[in-house]
>>> print(open('protein.json').read())   # JSON, C-alpha atoms
[["chain", "number", "residue", "atom", "x", "y", "z"],
["A", 12, "MET", "CA", -2.71, 16.24, -2.46],
["A", 13, "THR", "CA", -3.69, 14.09, 0.53],
["A", 14, "PHE", "CA", -3.42, 10.54, -0.76],
["A", 15, "ASP", "CA", -6.73, 9.68, 0.91],
["A", 16, "ASP", "CA", -7.12, 6.80, -1.56],
["A", 17, "LEU", "CA", -3.99, 5.13, -0.12],
["A", 18, "LYS", "CA", -4.82, 5.35, 3.61],
["A", 19, "ASP", "CA", -6.02, 1.75, 3.65],
["A", 20, "LEU", "CA", -2.48, 0.65, 2.69],
["A", 21, "GLY", "CA", -0.61, 2.17, 5.65],
["A", 22, "SER", "CA", 0.04, 5.34, 7.57],
["A", 23, "VAL", "CA", 0.54, 8.36, 5.30],
["A", 24, "GLU", "CA", 3.35, 10.77, 6.24],
["A", 25, "VAL", "CA", 4.17, 14.04, 4.48],
["A", 26, "GLN", "CA", 7.73, 15.46, 4.48],
["A", 27, "ASN", "CA", 9.16, 18.56, 2.84],
["A", 28, "MET", "CA", 12.77, 18.12, 1.75],
["A", 29, "GLY", "CA", 14.79, 20.40, -0.48],
["A", 30, "GLY", "CA", 11.73, 22.36, -1.56],
["A", 31, "ARG", "CA", 9.80, 19.24, -2.57],
["A", 32, "THR", "CA", 6.94, 17.49, -0.86],
["A", 33, "TYR", "CA", 7.21, 13.72, -0.41],
["A", 34, "TYR", "CA", 4.46, 11.34, 0.69],
["A", 35, "PHE", "CA", 5.39, 8.16, 2.51],
["A", 36, "LEU", "CA", 3.36, 5.11, 3.43],
["A", 37, "GLY", "CA", 4.77, 3.26, 6.37],
["A", 38, "GLY", "CA", 4.44, 0.53, 8.91],
["A", 39, "TYR", "CA", 5.74, -2.48, 6.99],
["A", 40, "SER", "CA", 7.93, -5.03, 8.69],
["A", 41, "THR", "CA", 9.14, -7.00, 5.68],
["A", 42, "MET", "CA", 10.41, -6.23, 2.20],
["A", 43, "ASN", "CA", 7.75, -8.53, 0.73],
["A", 44, "GLU", "CA", 5.01, -6.54, 2.47],
["A", 45, "ALA", "CA", 6.48, -3.26, 1.21],
["A", 46, "GLU", "CA", 6.74, -4.64, -2.35],
["A", 47, "ALA", "CA", 3.11, -5.77, -2.28],
["A", 48, "VAL", "CA", 1.97, -2.32, -1.15],
["A", 49, "LYS", "CA", 4.15, -0.66, -3.78],
["A", 50, "LYS", "CA", 2.40, -2.69, -6.49],
["A", 51, "LYS", "CA", -1.00, -1.59, -5.16],
["A", 52, "VAL", "CA", 0.09, 2.06, -5.10],
["A", 53, "ILE", "CA", 1.23, 1.83, -8.73],
["A", 54, "GLU", "CA", -2.03, 0.09, -9.71],
["A", 55, "ARG", "CA", -3.90, 3.03, -8.16],
["A", 56, "GLY", "CA", -2.08, 5.53, -10.38],
["A", 57, "THR", "CA", 1.09, 6.64, -8.58],
["A", 58, "LYS", "CA", 3.60, 5.53, -11.20],
["A", 59, "ASP", "CA", 6.74, 6.81, -9.46],
["A", 60, "ALA", "CA", 6.30, 4.80, -6.23],
["A", 61, "TYR", "CA", 9.44, 3.30, -4.71],
["A", 62, "ILE", "CA", 10.64, 1.76, -1.44],
["A", 63, "THR", "CA", 12.71, 3.82, 0.96],
["A", 64, "PHE", "CA", 14.60, 2.41, 3.95],
["A", 65, "TYR", "CA", 14.92, 4.21, 7.27],
["A", 66, "TYR", "CA", 17.34, 3.63, 10.14],
["A", 67, "ASN", "CA", 17.40, 5.91, 13.18],
["A", 68, "ASN", "CA", 14.89, 8.20, 11.44],
["A", 69, "LYS", "CA", 17.21, 8.74, 8.45],
["A", 70, "ILE", "CA", 16.90, 7.50, 4.89],
["A", 71, "VAL", "CA", 19.53, 4.86, 4.09],
["A", 72, "ASN", "CA", 20.32, 2.98, 0.89],
["A", 73, "ILE", "CA", 19.80, -0.74, 0.43],
["A", 74, "GLN", "CA", 23.51, -1.53, 0.78],
["A", 75, "ASP", "CA", 23.52, 0.07, 4.23],
["A", 76, "VAL", "CA", 20.48, -2.01, 5.20],
["A", 77, "ILE", "CA", 22.23, -5.21, 4.06],
["A", 78, "SER", "CA", 25.34, -4.27, 6.05],
["A", 79, "LEU", "CA", 23.25, -3.68, 9.17],
["A", 80, "LEU", "CA", 21.67, -7.11, 8.84],
["A", 81, "GLN", "CA", 24.97, -8.99, 8.56]]
>>> encode(input="protein.json", output="structure tokens")
Amino acid sequence: MTFDDLKDLGSVEVQNMGGRTYYFLGGYSTMNEAEAVKKKVIERGTKDAYITFYYNNKIVNIQDVISLLQ
């Protein structure tokens, strides 16, 4: 799986975590931009698309992101 059909939406990154392979699209500076891309990904057939937040190269949850912004 290469996700070639999503390359026009952002940079594709592949990560192996816990024995699973995850594909990430990145490079979005706002939540609205990320939401718009998520909708396009779902329209193209990837039904389990979701938004992930990173801080210092680690995945963080939305509550942590909100705390960082306050």
>>> atom_distance(input="protein.json", atom1="atom CA of A:Gly30", atom2="atom CA of A:Gly56")
23.5 Å
>>> residues_around(input="protein.json", residues="A:Lys50", least_positions_apart="6", cutoff="10 Å", atoms="all atoms listed in the file", output="list in words")
Thr57, Lys58, Ala60 and Tyr61 of chain A
>>> residues_around(input="protein.json", residues="A:Tyr65", least_positions_apart="5", cutoff="12 Å", atoms="all atoms listed in the file", output="list in words")
Phe35, Gly37, Gly38, Tyr39, Ser40, Ile70, Val71, Asn72, Ile73, Asp75, Val76 and Leu79 of chain A
>>> atom_distance(input="protein.json", atom1="atom CA of A:Leu20", atom2="atom CA of A:Glu44")
10.4 Å
>>> atom_distance(input="protein.json", atom1="atom CA of A:Tyr33", atom2="atom CA of A:Gln74")
22.4 Å
>>> residues_around(input="protein.json", residues="A:Ser22", least_positions_apart="3", cutoff="12 Å", atoms="all atoms listed in the file", output="tab-separated table (two decimals) with C-alpha atoms, keeping the file's coordinate frame")
chain	number	residue	atom	x	y	z
A	13	THR	CA	-3.69	14.09	0.53
A	14	PHE	CA	-3.42	10.54	-0.76
A	15	ASP	CA	-6.73	9.68	0.91
A	16	ASP	CA	-7.12	6.80	-1.56
A	17	LEU	CA	-3.99	5.13	-0.12
A	18	LYS	CA	-4.82	5.35	3.61
A	19	ASP	CA	-6.02	1.75	3.65
A	25	VAL	CA	4.17	14.04	4.48
A	34	TYR	CA	4.46	11.34	0.69
A	35	PHE	CA	5.39	8.16	2.51
A	36	LEU	CA	3.36	5.11	3.43
A	37	GLY	CA	4.77	3.26	6.37
A	38	GLY	CA	4.44	0.53	8.91
A	39	TYR	CA	5.74	-2.48	6.99
A	48	VAL	CA	1.97	-2.32	-1.15
>>> build_atoms(input="protein.json", residues="stretch 14-32 of chain A", atoms="N, CA, C and O atoms", output="PDB file, in the coordinates of the input")
ATOM      1  N   PHE A  14      -3.578  11.982  -0.622  1.00  0.00           N
ATOM      2  CA  PHE A  14      -3.420  10.540  -0.760  1.00  0.00           C
ATOM      3  C   PHE A  14      -4.450   9.775   0.054  1.00  0.00           C
ATOM      4  O   PHE A  14      -4.191   8.691   0.564  1.00  0.00           O
ATOM      5  N   ASP A  15      -5.662  10.343   0.177  1.00  0.00           N
ATOM      6  CA  ASP A  15      -6.730   9.680   0.910  1.00  0.00           C
ATOM      7  C   ASP A  15      -7.030   8.281   0.352  1.00  0.00           C
ATOM      8  O   ASP A  15      -7.399   7.384   1.102  1.00  0.00           O
ATOM      9  N   ASP A  16      -6.831   8.100  -0.950  1.00  0.00           N
ATOM     10  CA  ASP A  16      -7.120   6.800  -1.560  1.00  0.00           C
ATOM     11  C   ASP A  16      -6.076   5.735  -1.248  1.00  0.00           C
ATOM     12  O   ASP A  16      -6.209   4.587  -1.649  1.00  0.00           O
ATOM     13  N   LEU A  17      -5.030   6.097  -0.500  1.00  0.00           N
ATOM     14  CA  LEU A  17      -3.990   5.130  -0.120  1.00  0.00           C
ATOM     15  C   LEU A  17      -3.991   4.837   1.383  1.00  0.00           C
ATOM     16  O   LEU A  17      -3.222   3.994   1.839  1.00  0.00           O
ATOM     17  N   LYS A  18      -4.839   5.511   2.146  1.00  0.00           N
ATOM     18  CA  LYS A  18      -4.820   5.350   3.610  1.00  0.00           C
ATOM     19  C   LYS A  18      -5.064   3.924   4.061  1.00  0.00           C
ATOM     20  O   LYS A  18      -4.598   3.532   5.121  1.00  0.00           O
ATOM     21  N   ASP A  19      -5.771   3.144   3.269  1.00  0.00           N
ATOM     22  CA  ASP A  19      -6.020   1.750   3.650  1.00  0.00           C
ATOM     23  C   ASP A  19      -4.771   0.881   3.514  1.00  0.00           C
ATOM     24  O   ASP A  19      -4.750  -0.251   3.983  1.00  0.00           O
ATOM     25  N   LEU A  20      -3.711   1.412   2.915  1.00  0.00           N
ATOM     26  CA  LEU A  20      -2.480   0.650   2.690  1.00  0.00           C
ATOM     27  C   LEU A  20      -1.421   0.882   3.768  1.00  0.00           C
ATOM     28  O   LEU A  20      -0.428   0.170   3.813  1.00  0.00           O
ATOM     29  N   GLY A  21      -1.590   1.882   4.612  1.00  0.00           N
ATOM     30  CA  GLY A  21      -0.610   2.170   5.650  1.00  0.00           C
ATOM     31  C   GLY A  21      -0.759   3.596   6.128  1.00  0.00           C
ATOM     32  O   GLY A  21      -1.625   4.339   5.671  1.00  0.00           O
ATOM     33  N   SER A  22       0.096   3.977   7.058  1.00  0.00           N
ATOM     34  CA  SER A  22       0.040   5.340   7.570  1.00  0.00           C
ATOM     35  C   SER A  22       0.713   6.291   6.585  1.00  0.00           C
ATOM     36  O   SER A  22       1.799   6.022   6.090  1.00  0.00           O
ATOM     37  N   VAL A  23       0.037   7.373   6.251  1.00  0.00           N
ATOM     38  CA  VAL A  23       0.540   8.360   5.300  1.00  0.00           C
ATOM     39  C   VAL A  23       1.290   9.442   6.058  1.00  0.00           C
ATOM     40  O   VAL A  23       0.786  10.004   7.017  1.00  0.00           O
ATOM     41  N   GLU A  24       2.526   9.715   5.636  1.00  0.00           N
ATOM     42  CA  GLU A  24       3.350  10.770   6.240  1.00  0.00           C
ATOM     43  C   GLU A  24       3.781  11.729   5.138  1.00  0.00           C
ATOM     44  O   GLU A  24       4.133  11.298   4.044  1.00  0.00           O
ATOM     45  N   VAL A  25       3.758  13.012   5.434  1.00  0.00           N
ATOM     46  CA  VAL A  25       4.170  14.040   4.480  1.00  0.00           C
ATOM     47  C   VAL A  25       5.451  14.683   4.988  1.00  0.00           C
ATOM     48  O   VAL A  25       5.535  15.062   6.160  1.00  0.00           O
ATOM     49  N   GLN A  26       6.465  14.800   4.121  1.00  0.00           N
ATOM     50  CA  GLN A  26       7.730  15.460   4.480  1.00  0.00           C
ATOM     51  C   GLN A  26       8.121  16.418   3.379  1.00  0.00           C
ATOM     52  O   GLN A  26       7.999  16.097   2.194  1.00  0.00           O
ATOM     53  N   ASN A  27       8.613  17.581   3.777  1.00  0.00           N
ATOM     54  CA  ASN A  27       9.160  18.560   2.840  1.00  0.00           C
ATOM     55  C   ASN A  27      10.675  18.494   2.930  1.00  0.00           C
ATOM     56  O   ASN A  27      11.237  18.670   4.010  1.00  0.00           O
ATOM     57  N   MET A  28      11.316  18.220   1.798  1.00  0.00           N
ATOM     58  CA  MET A  28      12.770  18.120   1.750  1.00  0.00           C
ATOM     59  C   MET A  28      13.278  18.820   0.503  1.00  0.00           C
ATOM     60  O   MET A  28      12.806  18.511  -0.597  1.00  0.00           O
ATOM     61  N   GLY A  29      14.189  19.738   0.672  1.00  0.00           N
ATOM     62  CA  GLY A  29      14.790  20.400  -0.480  1.00  0.00           C
ATOM     63  C   GLY A  29      13.785  21.105  -1.367  1.00  0.00           C
ATOM     64  O   GLY A  29      13.942  21.121  -2.574  1.00  0.00           O
ATOM     65  N   GLY A  30      12.730  21.654  -0.777  1.00  0.00           N
ATOM     66  CA  GLY A  30      11.730  22.360  -1.560  1.00  0.00           C
ATOM     67  C   GLY A  30      10.708  21.476  -2.243  1.00  0.00           C
ATOM     68  O   GLY A  30       9.883  21.967  -3.006  1.00  0.00           O
ATOM     69  N   ARG A  31      10.758  20.182  -1.987  1.00  0.00           N
ATOM     70  CA  ARG A  31       9.800  19.240  -2.570  1.00  0.00           C
ATOM     71  C   ARG A  31       8.993  18.580  -1.464  1.00  0.00           C
ATOM     72  O   ARG A  31       9.478  18.401  -0.356  1.00  0.00           O
ATOM     73  N   THR A  32       7.794  18.188  -1.809  1.00  0.00           N
ATOM     74  CA  THR A  32       6.940  17.490  -0.860  1.00  0.00           C
ATOM     75  C   THR A  32       6.917  16.013  -1.221  1.00  0.00           C
ATOM     76  O   THR A  32       6.683  15.652  -2.366  1.00  0.00           O
TER      77      THR A  32
END
